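Novice: Below is data-v8.csv; it holds CSV, C-alpha atoms.
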```
chain,number,residue,atom,x,y,z
A,18,MET,CA,10.2,-69.5,-12.5
A,19,LEU,CA,8.5,-66.8,-10.4
A,20,HIS,CA,5.8,-64.4,-11.6
A,21,GLU,CA,6.9,-60.7,-11.7
A,22,ALA,CA,4.5,-59.8,-8.8
A,23,GLU,CA,5.9,-62.5,-6.7
A,24,GLU,CA,9.4,-61.3,-6.9
A,25,PRO,CA,10.4,-60.1,-3.5
A,26,GLY,CA,11.8,-56.7,-4.8
A,27,ASN,CA,8.6,-55.9,-6.7
A,28,THR,CA,6.3,-56.7,-3.8
A,29,HIS,CA,8.3,-54.4,-1.7
A,30,VAL,CA,8.0,-51.6,-4.2
A,31,LEU,CA,4.2,-52.1,-4.6
A,32,TRP,CA,3.7,-52.1,-0.8
A,33,LYS,CA,5.9,-49.0,-0.5
A,34,THR,CA,3.9,-47.2,-3.2
A,35,ALA,CA,0.5,-48.2,-1.6
A,36,ILE,CA,1.7,-47.0,1.9
A,37,ASN,CA,3.0,-43.7,0.5
A,38,SER,CA,-0.3,-43.1,-1.3
A,39,LEU,CA,-2.3,-43.9,1.8
A,40,ARG,CA,0.0,-41.7,3.9
A,41,SER,CA,-0.4,-38.7,1.5
A,42,LYS,CA,-4.2,-39.2,1.5
A,43,ILE,CA,-4.3,-39.2,5.3
A,44,ILE,CA,-2.1,-36.1,5.4
A,45,ASP,CA,-4.4,-34.4,2.9
A,46,ALA,CA,-7.4,-35.2,4.9
A,47,ILE,CA,-5.9,-33.9,8.1
A,48,THR,CA,-4.7,-30.7,6.4
A,49,ARG,CA,-8.1,-30.2,4.8
A,50,GLY,CA,-9.8,-30.7,8.2
A,51,ARG,CA,-7.4,-28.3,9.8
A,52,HIS,CA,-8.0,-25.7,7.1
A,53,LEU,CA,-11.8,-26.1,7.6
A,54,ARG,CA,-11.3,-25.6,11.3
A,55,MET,CA,-9.0,-22.7,10.9
A,56,GLY,CA,-11.5,-21.2,8.4
A,57,ARG,CA,-14.3,-21.5,10.9
A,58,LYS,CA,-12.1,-20.1,13.7
A,59,ASN,CA,-11.2,-17.2,11.4
A,60,ASN,CA,-14.8,-16.4,10.4
A,61,ASP,CA,-15.9,-16.6,14.1
A,62,LEU,CA,-13.1,-14.2,15.1
A,63,GLU,CA,-13.9,-11.9,12.3
A,64,LYS,CA,-17.5,-11.8,13.3
A,65,ARG,CA,-16.6,-11.1,17.0
A,66,LEU,CA,-14.1,-8.4,16.0
A,67,ASN,CA,-16.7,-6.8,13.8
A,68,GLU,CA,-19.2,-6.8,16.6
A,69,VAL,CA,-16.6,-5.0,18.8
A,70,LEU,CA,-15.9,-2.5,16.1
A,71,ALA,CA,-19.6,-2.0,15.2
A,72,ASP,CA,-20.3,0.3,18.1
A,73,GLN,CA,-18.7,3.4,16.7
A,74,SER,CA,-20.4,5.7,19.2
A,75,ALA,CA,-18.8,4.1,22.3
A,76,PRO,CA,-16.1,6.2,24.0
A,77,LEU,CA,-12.5,5.5,22.9
A,78,GLU,CA,-11.6,4.0,26.3
A,79,GLU,CA,-14.5,1.6,26.0
A,80,ALA,CA,-13.8,0.7,22.4
A,81,THR,CA,-10.1,0.1,22.8
A,82,GLY,CA,-10.9,-1.8,26.0
A,83,LEU,CA,-13.1,-4.1,24.0
A,84,LEU,CA,-10.3,-4.5,21.5
A,85,LYS,CA,-8.0,-5.4,24.3
A,86,LYS,CA,-10.5,-7.8,25.9
A,87,SER,CA,-8.5,-11.0,26.2
A,88,VAL,CA,-9.6,-14.4,25.1
A,89,THR,CA,-7.7,-17.4,26.4
A,90,CYS,CA,-5.6,-19.2,23.9
A,91,ARG,CA,-5.8,-22.9,24.3
A,92,THR,CA,-2.6,-23.6,22.4
A,93,CYS,CA,-0.3,-21.1,24.1
A,94,LYS,CA,-2.2,-20.9,27.4
A,95,GLY,CA,-1.8,-17.2,27.3
A,96,SER,CA,-4.3,-14.4,26.8
A,97,LEU,CA,-4.6,-12.7,23.5
A,98,THR,CA,-6.9,-9.9,22.1
A,99,TYR,CA,-9.4,-10.5,19.4
A,100,ILE,CA,-7.2,-8.8,16.8
A,101,ASP,CA,-4.2,-10.9,17.9
A,102,ARG,CA,-6.0,-14.1,17.5
A,103,TYR,CA,-7.5,-13.0,14.2
A,104,ARG,CA,-4.0,-12.1,13.0
A,105,SER,CA,-2.6,-15.4,14.1
A,106,ALA,CA,-5.4,-17.5,12.5
A,107,SER,CA,-5.0,-15.6,9.2
A,108,GLU,CA,-1.3,-16.0,9.2
A,109,ASP,CA,-1.7,-19.7,9.7
A,110,ILE,CA,-3.9,-20.0,6.7
A,111,VAL,CA,-1.7,-17.8,4.5
A,112,LEU,CA,1.4,-19.8,5.4
A,113,ARG,CA,-0.1,-23.2,5.2
A,114,ASP,CA,-2.3,-22.9,2.1
A,115,LEU,CA,-1.5,-19.7,0.2
A,116,PRO,CA,-3.7,-20.4,-2.9
A,117,ALA,CA,-6.8,-21.1,-0.6
A,118,ALA,CA,-6.0,-18.0,1.5
A,119,ARG,CA,-5.8,-15.8,-1.6
A,120,SER,CA,-9.0,-17.2,-3.1
A,121,SER,CA,-10.9,-16.5,0.0
A,122,ASN,CA,-9.3,-13.0,0.4
A,123,VAL,CA,-7.9,-13.8,3.9
A,124,GLU,CA,-5.3,-11.0,3.6
A,125,THR,CA,-7.7,-8.4,2.4
A,126,ARG,CA,-10.2,-9.2,5.2
A,127,LEU,CA,-7.5,-9.0,7.8
A,128,TRP,CA,-6.3,-5.6,6.4
A,129,ASN,CA,-9.9,-4.4,6.4
A,130,ALA,CA,-10.1,-5.2,10.2
A,131,HIS,CA,-6.8,-3.3,10.7
A,132,SER,CA,-8.2,-0.4,8.7
A,133,ARG,CA,-11.4,-0.3,10.7
A,134,ILE,CA,-9.4,-0.2,14.0
A,135,ASN,CA,-7.2,2.5,12.5
A,136,LEU,CA,-10.2,4.5,11.5
A,137,LEU,CA,-11.6,4.1,15.0
A,138,TYR,CA,-8.4,5.6,16.6
A,139,ARG,CA,-8.1,8.4,14.0
A,140,LYS,CA,-11.8,9.3,14.4
A,141,ARG,CA,-11.6,9.5,18.1
A,142,LEU,CA,-8.3,11.4,18.1
A,143,SER,CA,-9.6,14.0,15.7
A,144,LYS,CA,-12.7,14.8,17.7
A,145,VAL,CA,-14.4,15.7,14.5
A,146,SER,CA,-17.1,13.1,14.3
A,147,GLY,CA,-18.4,12.5,10.9
A,148,ALA,CA,-15.4,14.0,9.1
A,149,ILE,CA,-13.7,10.7,8.4
A,150,ILE,CA,-16.6,8.4,7.7
A,151,TYR,CA,-16.6,9.4,4.0
A,152,HIS,CA,-14.8,7.0,1.8
A,153,GLY,CA,-11.9,8.3,-0.1
A,154,TYR,CA,-10.9,11.0,2.3
A,155,ILE,CA,-7.5,11.2,3.9
A,156,VAL,CA,-7.8,13.1,7.1
A,157,SER,CA,-4.7,14.4,8.8
A,158,CYS,CA,-6.1,15.1,12.2
A,159,ALA,CA,-4.5,13.5,15.2
A,160,ARG,CA,-3.1,16.8,16.4
A,161,SER,CA,-6.1,18.9,15.6
A,162,SER,CA,-7.8,18.3,18.9
A,163,ALA,CA,-4.6,19.3,20.8
A,164,ARG,CA,-4.4,22.5,18.8
A,165,LYS,CA,-8.1,23.2,19.3
A,166,ARG,CA,-8.8,23.7,15.6
A,167,PRO,CA,-10.8,21.6,13.1
A,168,ALA,CA,-9.1,18.7,11.4
A,169,LYS,CA,-7.3,19.4,8.2
A,170,MET,CA,-9.0,17.4,5.5
A,171,LEU,CA,-7.2,16.3,2.4
A,172,LYS,CA,-9.7,15.0,-0.1
A,173,LEU,CA,-8.3,12.2,-2.2
A,174,ALA,CA,-10.1,9.5,-4.0
A,175,ASN,CA,-9.7,6.3,-1.9
A,176,SER,CA,-6.1,5.9,-0.8
B,12,MET,CA,-2.4,8.5,21.2
B,13,LYS,CA,-0.1,6.2,23.0
B,14,GLN,CA,-2.5,3.4,22.5
B,15,TYR,CA,-2.7,4.2,18.8
B,16,LEU,CA,1.0,4.2,18.5
B,17,GLU,CA,1.2,0.9,20.3
B,18,TYR,CA,-1.4,-0.6,18.0
B,19,LEU,CA,0.5,0.6,14.9
B,20,LYS,CA,3.7,-0.8,16.2
B,21,GLU,CA,2.1,-4.1,16.9
B,22,SER,CA,0.6,-4.2,13.4
B,23,ILE,CA,3.9,-3.3,11.8
B,24,ARG,CA,5.6,-6.1,13.8
B,25,PHE,CA,2.9,-8.6,12.7
B,26,TYR,CA,3.2,-7.7,9.0
B,27,ARG,CA,7.0,-7.9,9.1
B,28,GLU,CA,6.7,-11.3,10.6
B,29,LEU,CA,4.3,-12.3,7.9
B,30,ILE,CA,6.8,-11.3,5.3
B,31,ARG,CA,9.4,-13.3,7.1
B,32,GLY,CA,7.1,-16.3,6.9
B,33,LEU,CA,6.3,-15.8,3.3
B,34,ASN,CA,10.0,-15.6,2.5
B,35,SER,CA,10.9,-18.7,4.5
B,36,ASN,CA,8.0,-20.8,3.2
B,37,PHE,CA,7.9,-19.8,-0.5
B,38,GLY,CA,11.2,-18.0,-1.0
B,39,PRO,CA,13.8,-16.9,-1.1
B,40,ILE,CA,12.4,-13.8,-2.8
B,41,PRO,CA,15.3,-11.2,-2.7
B,42,GLU,CA,13.2,-8.2,-2.2
B,43,LEU,CA,11.3,-9.8,0.7
B,44,GLN,CA,14.6,-11.0,2.2
B,45,GLU,CA,15.6,-7.4,2.5
B,46,VAL,CA,12.6,-6.6,4.7
B,47,ALA,CA,12.7,-9.9,6.5
B,48,GLN,CA,16.4,-9.3,7.3
B,49,GLN,CA,16.8,-13.0,6.9
B,50,SER,CA,19.8,-14.9,5.6
B,51,SER,CA,19.2,-17.5,2.9
B,52,ASP,CA,20.2,-20.4,5.3
B,53,VAL,CA,17.1,-19.8,7.3
B,54,ILE,CA,14.9,-20.5,4.3
B,55,ARG,CA,13.2,-23.9,4.7
B,56,SER,CA,13.9,-25.8,1.5
B,57,ARG,CA,11.7,-28.8,2.7
B,58,GLN,CA,9.3,-28.4,-0.2
B,59,GLN,CA,9.8,-27.7,-3.9
B,60,VAL,CA,7.9,-24.4,-4.4
B,61,SER,CA,6.1,-24.3,-7.8
B,62,LEU,CA,6.4,-21.2,-10.0
B,63,ASP,CA,2.7,-20.5,-9.5
B,64,LEU,CA,3.0,-20.6,-5.7
B,65,ARG,CA,6.0,-18.4,-5.8
B,66,GLN,CA,4.1,-15.9,-8.0
B,67,GLN,CA,1.3,-15.9,-5.4
B,68,ALA,CA,3.8,-15.4,-2.6
B,69,LEU,CA,5.2,-12.4,-4.6
B,70,LEU,CA,1.7,-10.9,-4.9
B,71,SER,CA,1.2,-11.4,-1.2
B,72,GLY,CA,4.6,-9.9,-0.3
B,73,HIS,CA,3.8,-6.9,-2.5
B,74,GLN,CA,0.5,-6.3,-0.8
B,75,THR,CA,2.0,-6.8,2.6
B,76,LEU,CA,4.7,-4.2,1.8
B,77,ILE,CA,2.0,-1.8,0.9
B,78,TYR,CA,0.2,-2.4,4.2
B,79,LEU,CA,3.5,-1.8,6.0
B,80,GLY,CA,4.0,1.4,4.1
B,81,ASP,CA,0.4,2.5,5.0
B,82,LEU,CA,0.9,1.7,8.7
B,83,SER,CA,4.2,3.7,8.8
B,84,ARG,CA,2.5,6.5,6.9
B,85,TYR,CA,-0.3,6.7,9.4
B,86,ARG,CA,2.3,6.9,12.2
B,87,THR,CA,4.0,9.8,10.6
B,88,ALA,CA,0.9,11.6,9.3
B,89,GLU,CA,-0.5,11.6,12.8
B,90,LYS,CA,2.8,12.7,14.3
B,91,LEU,CA,2.7,9.9,16.8
B,92,ASP,CA,6.5,9.8,17.2
B,93,ARG,CA,8.7,12.5,18.7
B,94,ASN,CA,10.5,13.0,15.4
B,95,PRO,CA,8.1,11.9,12.7
B,96,VAL,CA,9.8,10.9,9.4
B,97,TRP,CA,8.4,9.6,6.1
B,98,GLY,CA,11.5,7.4,5.5
B,99,PRO,CA,10.0,4.0,6.6
B,100,ALA,CA,6.8,4.5,4.6
B,101,ILE,CA,8.8,5.6,1.5
B,102,GLY,CA,11.1,2.6,2.0
B,103,PHE,CA,8.3,0.1,2.1
B,104,TYR,CA,6.6,1.6,-0.9
B,105,GLY,CA,9.9,1.6,-2.7
B,106,LEU,CA,10.4,-2.1,-2.0
B,107,ALA,CA,6.9,-2.8,-3.1
B,108,ALA,CA,7.5,-0.9,-6.4
B,109,SER,CA,10.8,-2.8,-7.0
B,110,LEU,CA,9.0,-6.1,-6.3
B,111,ARG,CA,6.2,-5.4,-8.8
B,112,PRO,CA,7.1,-2.4,-11.0
B,113,SER,CA,4.1,-3.3,-13.3
B,114,SER,CA,1.6,-2.3,-10.5
B,115,GLY,CA,0.6,1.3,-9.9
B,116,LEU,CA,-0.3,0.8,-6.3
B,117,ALA,CA,3.1,1.6,-4.7
B,118,PHE,CA,3.6,4.7,-6.9
B,119,HIS,CA,0.1,5.9,-6.0
B,120,GLN,CA,0.8,5.5,-2.3
B,121,GLN,CA,4.1,7.4,-2.7
B,122,SER,CA,2.1,10.2,-4.2
B,123,VAL,CA,-0.1,10.3,-1.1
B,124,ILE,CA,3.0,11.2,0.9
B,125,ALA,CA,4.0,13.9,-1.5
B,126,PHE,CA,0.5,15.2,-1.4
B,127,GLU,CA,0.5,15.3,2.4
B,128,GLU,CA,3.9,17.1,2.3
B,129,GLY,CA,2.6,19.6,-0.3
B,130,ASP,CA,5.3,18.7,-2.8
B,131,HIS,CA,3.4,19.2,-6.1
B,132,LEU,CA,6.1,18.0,-8.4
B,133,ARG,CA,6.7,14.7,-6.6
B,134,ALA,CA,3.0,14.1,-6.3
B,135,ALA,CA,2.5,14.6,-10.0
B,136,TYR,CA,5.5,12.4,-10.8
B,137,TYR,CA,4.3,9.5,-8.8
B,138,LEU,CA,0.7,9.8,-9.9
B,139,TYR,CA,1.9,9.8,-13.6
B,140,ARG,CA,4.0,6.7,-12.8
B,141,SER,CA,0.9,5.0,-11.3
B,142,ILE,CA,-1.0,5.8,-14.5
B,143,VAL,CA,1.4,4.7,-17.2
B,144,VAL,CA,2.2,1.2,-15.8
B,145,GLU,CA,0.6,-2.1,-16.9
B,146,GLU,CA,-1.8,-2.2,-14.0
B,147,PRO,CA,-2.7,1.5,-13.4
B,148,HIS,CA,-4.2,2.6,-10.1
B,149,PRO,CA,-7.9,3.1,-10.6
B,150,ASN,CA,-7.9,6.4,-8.7
B,151,ALA,CA,-4.7,7.9,-10.1
B,152,ILE,CA,-6.3,10.1,-12.8
B,153,ALA,CA,-8.9,11.4,-10.4
B,154,ASN,CA,-6.2,12.2,-7.8
B,155,LEU,CA,-4.0,13.8,-10.4
B,156,GLU,CA,-6.8,16.1,-11.4
B,157,LEU,CA,-7.2,16.9,-7.7
B,158,GLU,CA,-3.5,17.5,-7.3
B,159,PHE,CA,-3.4,19.9,-10.2
B,160,LYS,CA,-6.4,21.7,-8.9
B,161,ARG,CA,-4.6,22.2,-5.6
B,162,ALA,CA,-1.5,23.4,-7.5
B,163,ARG,CA,-3.6,26.0,-9.4
B,164,LYS,CA,-5.1,27.1,-6.2
B,165,ALA,CA,-1.7,27.4,-4.6
B,166,TRP,CA,-0.5,29.5,-7.5
B,167,ASP,CA,-3.5,31.8,-7.3
B,168,SER,CA,-2.9,32.3,-3.6
B,169,GLY,CA,0.7,33.1,-4.3
B,170,GLU,CA,2.0,30.1,-2.3
B,171,LEU,CA,3.5,28.4,-5.4
B,172,ARG,CA,4.7,31.5,-7.2
B,173,PRO,CA,8.5,31.8,-7.3
B,174,ARG,CA,9.8,34.7,-5.3
B,175,PRO,CA,13.2,35.9,-6.7
B,176,ASN,CA,15.8,35.7,-4.0
B,177,PRO,CA,19.4,36.2,-5.3
B,178,GLN,CA,20.8,34.9,-2.0
B,179,ASP,CA,19.1,31.5,-2.3
B,180,PRO,CA,21.4,29.1,-4.2
B,181,ASN,CA,18.5,26.9,-5.1
B,182,GLY,CA,16.3,29.8,-6.3
B,183,ALA,CA,16.7,29.1,-10.0
B,184,ARG,CA,15.7,25.5,-9.5
B,185,LYS,CA,12.7,26.4,-7.3
B,186,ALA,CA,11.5,28.8,-10.0
B,187,LEU,CA,11.9,26.2,-12.7
B,188,LEU,CA,9.8,23.6,-10.7
B,189,ALA,CA,7.1,26.1,-9.8
B,190,TRP,CA,6.7,27.2,-13.5
B,191,PHE,CA,6.8,23.6,-14.6
B,192,VAL,CA,4.1,22.5,-12.2
B,193,ARG,CA,2.0,25.6,-13.2
B,194,LEU,CA,2.4,24.7,-16.9
B,195,HIS,CA,1.3,21.1,-16.4
B,196,SER,CA,-1.6,22.0,-14.1
B,197,LEU,CA,-3.0,24.2,-16.8
B,198,LEU,CA,-2.3,21.8,-19.7
B,199,PHE,CA,-4.0,18.9,-17.8
B,200,GLN,CA,-7.3,20.8,-18.1
B,201,GLY,CA,-7.3,19.9,-21.8
B,202,HIS,CA,-8.2,23.2,-23.3
B,203,THR,CA,-6.3,26.2,-24.6
B,204,PHE,CA,-5.5,29.1,-22.3
B,205,SER,CA,-4.2,32.6,-22.9
B,206,GLY,CA,-0.5,33.1,-22.2
B,207,ARG,CA,0.4,29.5,-23.0
B,208,ASP,CA,3.3,30.4,-25.3
B,209,GLN,CA,4.8,32.8,-22.7
B,210,LEU,CA,4.5,30.1,-20.0
B,211,GLU,CA,6.2,27.5,-22.2
B,212,ALA,CA,9.0,30.0,-23.0
B,213,GLU,CA,9.4,30.7,-19.3
B,214,VAL,CA,9.8,27.0,-18.5
B,215,THR,CA,12.2,26.5,-21.4
B,216,SER,CA,14.4,29.4,-20.4
B,217,HIS,CA,14.5,28.3,-16.8
B,218,LEU,CA,15.3,24.8,-18.0
B,219,ALA,CA,18.1,26.0,-20.2
B,220,THR,CA,19.6,28.0,-17.3
B,221,GLU,CA,19.4,24.9,-15.0
B,222,LEU,CA,21.0,22.6,-17.6
B,223,LYS,CA,23.9,25.0,-18.1
B,224,GLY,CA,24.4,25.5,-14.4
B,225,ARG,CA,24.2,22.0,-13.0
B,226,ALA,CA,25.0,18.4,-13.8
B,227,SER,CA,21.9,16.4,-14.6
B,228,ASP,CA,20.2,14.7,-11.6
B,229,GLY,CA,17.0,13.1,-10.4
B,230,VAL,CA,14.9,16.2,-10.8
B,231,LEU,CA,15.6,16.6,-14.5
B,232,LEU,CA,14.7,12.9,-15.0
B,233,LYS,CA,11.5,13.5,-13.2
B,234,LEU,CA,10.7,16.5,-15.4
B,235,CYS,CA,11.4,14.4,-18.6
B,236,PHE,CA,9.3,11.5,-17.2
B,237,ILE,CA,6.3,13.8,-16.4
B,238,ASN,CA,6.5,15.2,-20.0
B,239,PHE,CA,6.4,11.7,-21.6
B,240,ALA,CA,3.7,10.4,-19.2
B,241,ALA,CA,1.6,13.6,-19.6
B,242,GLN,CA,1.6,13.1,-23.4
B,243,THR,CA,0.6,9.4,-23.1
B,244,THR,CA,-2.1,10.2,-20.6
B,245,ALA,CA,-3.5,13.1,-22.7
B,246,ALA,CA,-3.6,10.8,-25.8
B,247,THR,CA,-5.4,8.0,-23.8
B,248,ARG,CA,-7.9,10.5,-22.3
B,249,PHE,CA,-8.5,12.0,-25.7
B,250,GLN,CA,-9.1,8.5,-27.2
B,251,SER,CA,-11.5,7.5,-24.4
B,252,LYS,CA,-13.4,10.7,-24.7
B,253,SER,CA,-13.8,10.4,-28.5
B,254,ILE,CA,-15.0,6.8,-28.0
B,255,THR,CA,-17.6,8.0,-25.5
B,256,CYS,CA,-18.7,10.7,-27.9
B,257,ARG,CA,-19.0,8.2,-30.7
B,258,CYS,CA,-21.1,5.9,-28.5
B,259,LEU,CA,-23.4,8.8,-27.5
B,260,HIS,CA,-23.9,9.6,-31.2
B,261,ILE,CA,-24.9,6.0,-32.0
```
Using structure tokens, write down the structure that the file contains.

Specialist:
Amino acid sequence: MLHEAEEPGNTHVLWKTAINSLRSKIIDAITRGRHLRMGRKNNDLEKRLNEVLADQSAPLEEATGLLKKSVTCRTCKGSLTYIDRYRSASEDIVLRDLPAARSSNVETRLWNAHSRINLLYRKRLSKVSGAIIYHGYIVSCARSSARKRPAKMLKLANS
Amino acid sequence: MKQYLEYLKESIRFYRELIRGLNSNFGPIPELQEVAQQSSDVIRSRQQVSLDLRQQALLSGHQTLIYLGDLSRYRTAEKLDRNPVWGPAIGFYGLAASLRPSSGLAFHQQSVIAFEEGDHLRAAYYLYRSIVVEEPHPNAIANLELEFKRARKAWDSGELRPRPNPQDPNGARKALLAWFVRLHSLLFQGHTFSGRDQLEAEVTSHLATELKGRASDGVLLKLCFINFAAQTTAATRFQSKSITCRCLHI
């Protein structure tokens, strides 16, 4: 009479379970490593983008030129702007590990970068320096410079 | 301006793509599917999505729709297109509101459009909606105060005052809306004012004429909603004020 563990069917099941568990551990480790790398990449891109955006006094051409400054993408072998790469890295994190992305505010940080670029354009287009820097103001102003009159300011608490 | 338009277009494309990704990875979420313009066969069903993850995807989708609405709003507000229209922004905010009606964010953003258009009734309506939901927008009351201040100013300057014009088929309705906004802008201040009875009588008489003349539609529903929400908001404000007073006495 054979022991249970020695039965060919049971041994097979045990091996299968062990291999599956090992495989999921390896996948977990790889995924975790990738997330860490992506997180680092994202932080680095965010930092570089903030540096580009920090110089609010630079002329529009220079500022947008910096935004357009391309960085070579190793994966796609093409050239992408900082914001493109930041977008793509953030999208990767969101779609791969949504709970982690939400807990580290990846989406909010990405939107903040978009808002800052948006503000940069609106500020330069308005030609009314200082009018838009106050938080909580909505400024409708893109056409104001063309019409040679000051920007129309609609005061609203943080839209 | 061309660069700015290009930037906004790129951002809109990116956020649309993100919605598509959210829907295919954690969906299908019907409201997101509409934006993603995706059929359900495209959805990857390789993993069983937990309820919690789905909920998080829904929150992300809602936030992304608001971002899309904001980007479209900037595009129109700055008149970057040849024919600027508010439709896309309103559409995105509307989808966000239908995805999470308990959040006041989408309603608040819709009020911003009404505010920019100078439509006092719609601005007040959406601001009240963003106040009386489960998760009210933190700035909604402050912005409502601002909106009513603007309405009072418009009345004083004669901009909001109804001008009788027998040839205008919508004249009666315009008058009703102007008087209605005027009444609410004064009531919101929270203190009595002279001529209140006459103002209320004016609104009621215009309302009666309107009800007799037309079939009920969205505007009348908006008026009813504003009345209910104004009462609730006034009660809440009164309660919070009395609590503050009590605290000060202690």

Novice: Nearest to Ser132 of chain A: which of A:Ala35, A:Ala117, A:Ile100, A:Thr28 is it, counting all atoms listed in the file?

Specialist: A:Ile100

Novice: Kindly give the distance, in Å, that separates atom CA of Gly102 of chain B and atom CA of Pro147 of chain B, rounded to a single decimal.

Specialist: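 Between these atoms lies a distance of 20.7 Å.
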
Novice: Would you list the residues near (-5.9, 15.8, -14.8) (no more than 6 Å away, in the coordinates of the file, using all atoms listed in the file) as a ChimeraX atom specification?

Specialist: /B:155-156,199

Novice: With only C-alpha atoms considered, list every residue of chain B at most 8 Å from chain A, as a VMD selection string.

Specialist: chain B and resid 12 15 22 25 29 32 to 33 36 64 67 to 68 78 88 to 90 120 123 127 150 153 to 154 157

Novice: Segment 177-233 of chain B near segment 238-253 of chain B within 9 Å: what's each residue's closest atom pair and its distance in Å to one decimal, counting only C-alpha atoms, ordered by chain then ascending residue number, as JSON lines?

Specialist:
```
{"residue": "B:His195", "atom": "CA", "partner": "B:Ala241", "partner_atom": "CA", "distance": 8.2}
{"residue": "B:Phe199", "atom": "CA", "partner": "B:Ala245", "partner_atom": "CA", "distance": 7.6}
{"residue": "B:Gly201", "atom": "CA", "partner": "B:Ala245", "partner_atom": "CA", "distance": 7.8}
{"residue": "B:Lys233", "atom": "CA", "partner": "B:Asn238", "partner_atom": "CA", "distance": 8.6}
```

Novice: Any idea what the distance is between atom CA of Asp167 of chain B and atom CA of Thr203 of chain B?

Specialist: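 Taking atom CA of Asp167 of chain B as the start and atom CA of Thr203 of chain B as the end point, the length is 18.4 Å.
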
Novice: Could you check how far atom CA of Ala186 of chain B sits from atom CA of Ala219 of chain B, in Å to one decimal?

Specialist: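 Calculated distance between atom CA of Ala186 of chain B and atom CA of Ala219 of chain B is 12.5 Å.
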
Novice: Looking at all atoms listed in the file, which of B:His131, B:Arg93, B:Arg174, B:Arg111 is the one that sits closest to Val144 of chain B?

Specialist: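 Counting all atoms listed in the file, the residue closest to Val144 of chain B is B:Arg111.
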
Novice: Could you check which residues have any atom within 12 Å of (2.8, 1.3, 19.1), counting all atoms listed in the file with coordinates taken straight from the file, and then list them as a VMD selection string?

Specialist: chain B and resid 12 to 25 82 to 83 85 to 86 91 to 92

Novice: For Ile40 of chain B, which residue among B:Arg65, B:Arg161, B:Arg193, B:His119 is the nearest when counting all atoms listed in the file?

Specialist: B:Arg65

Novice: If we count only C-alpha atoms, what is near Gln121 of chain B at a cut-off of 10 Å, once residues fewer than 3 positions away on the same chain are taken out, given as a ChimeraX atom specification?

Specialist: /B:80-81,84,100-105,108,116-118,124-126,133-134,136-138,141

Novice: Could you give me, as a list of chain:residue names, the residues within 8 Å of segment 70-72 of chain B, counting all atoms listed in the file and dropping anything in the same chain fewer than 6 positions from it?

Specialist: B:Ile30, B:Leu33, B:Leu43, B:Ala107
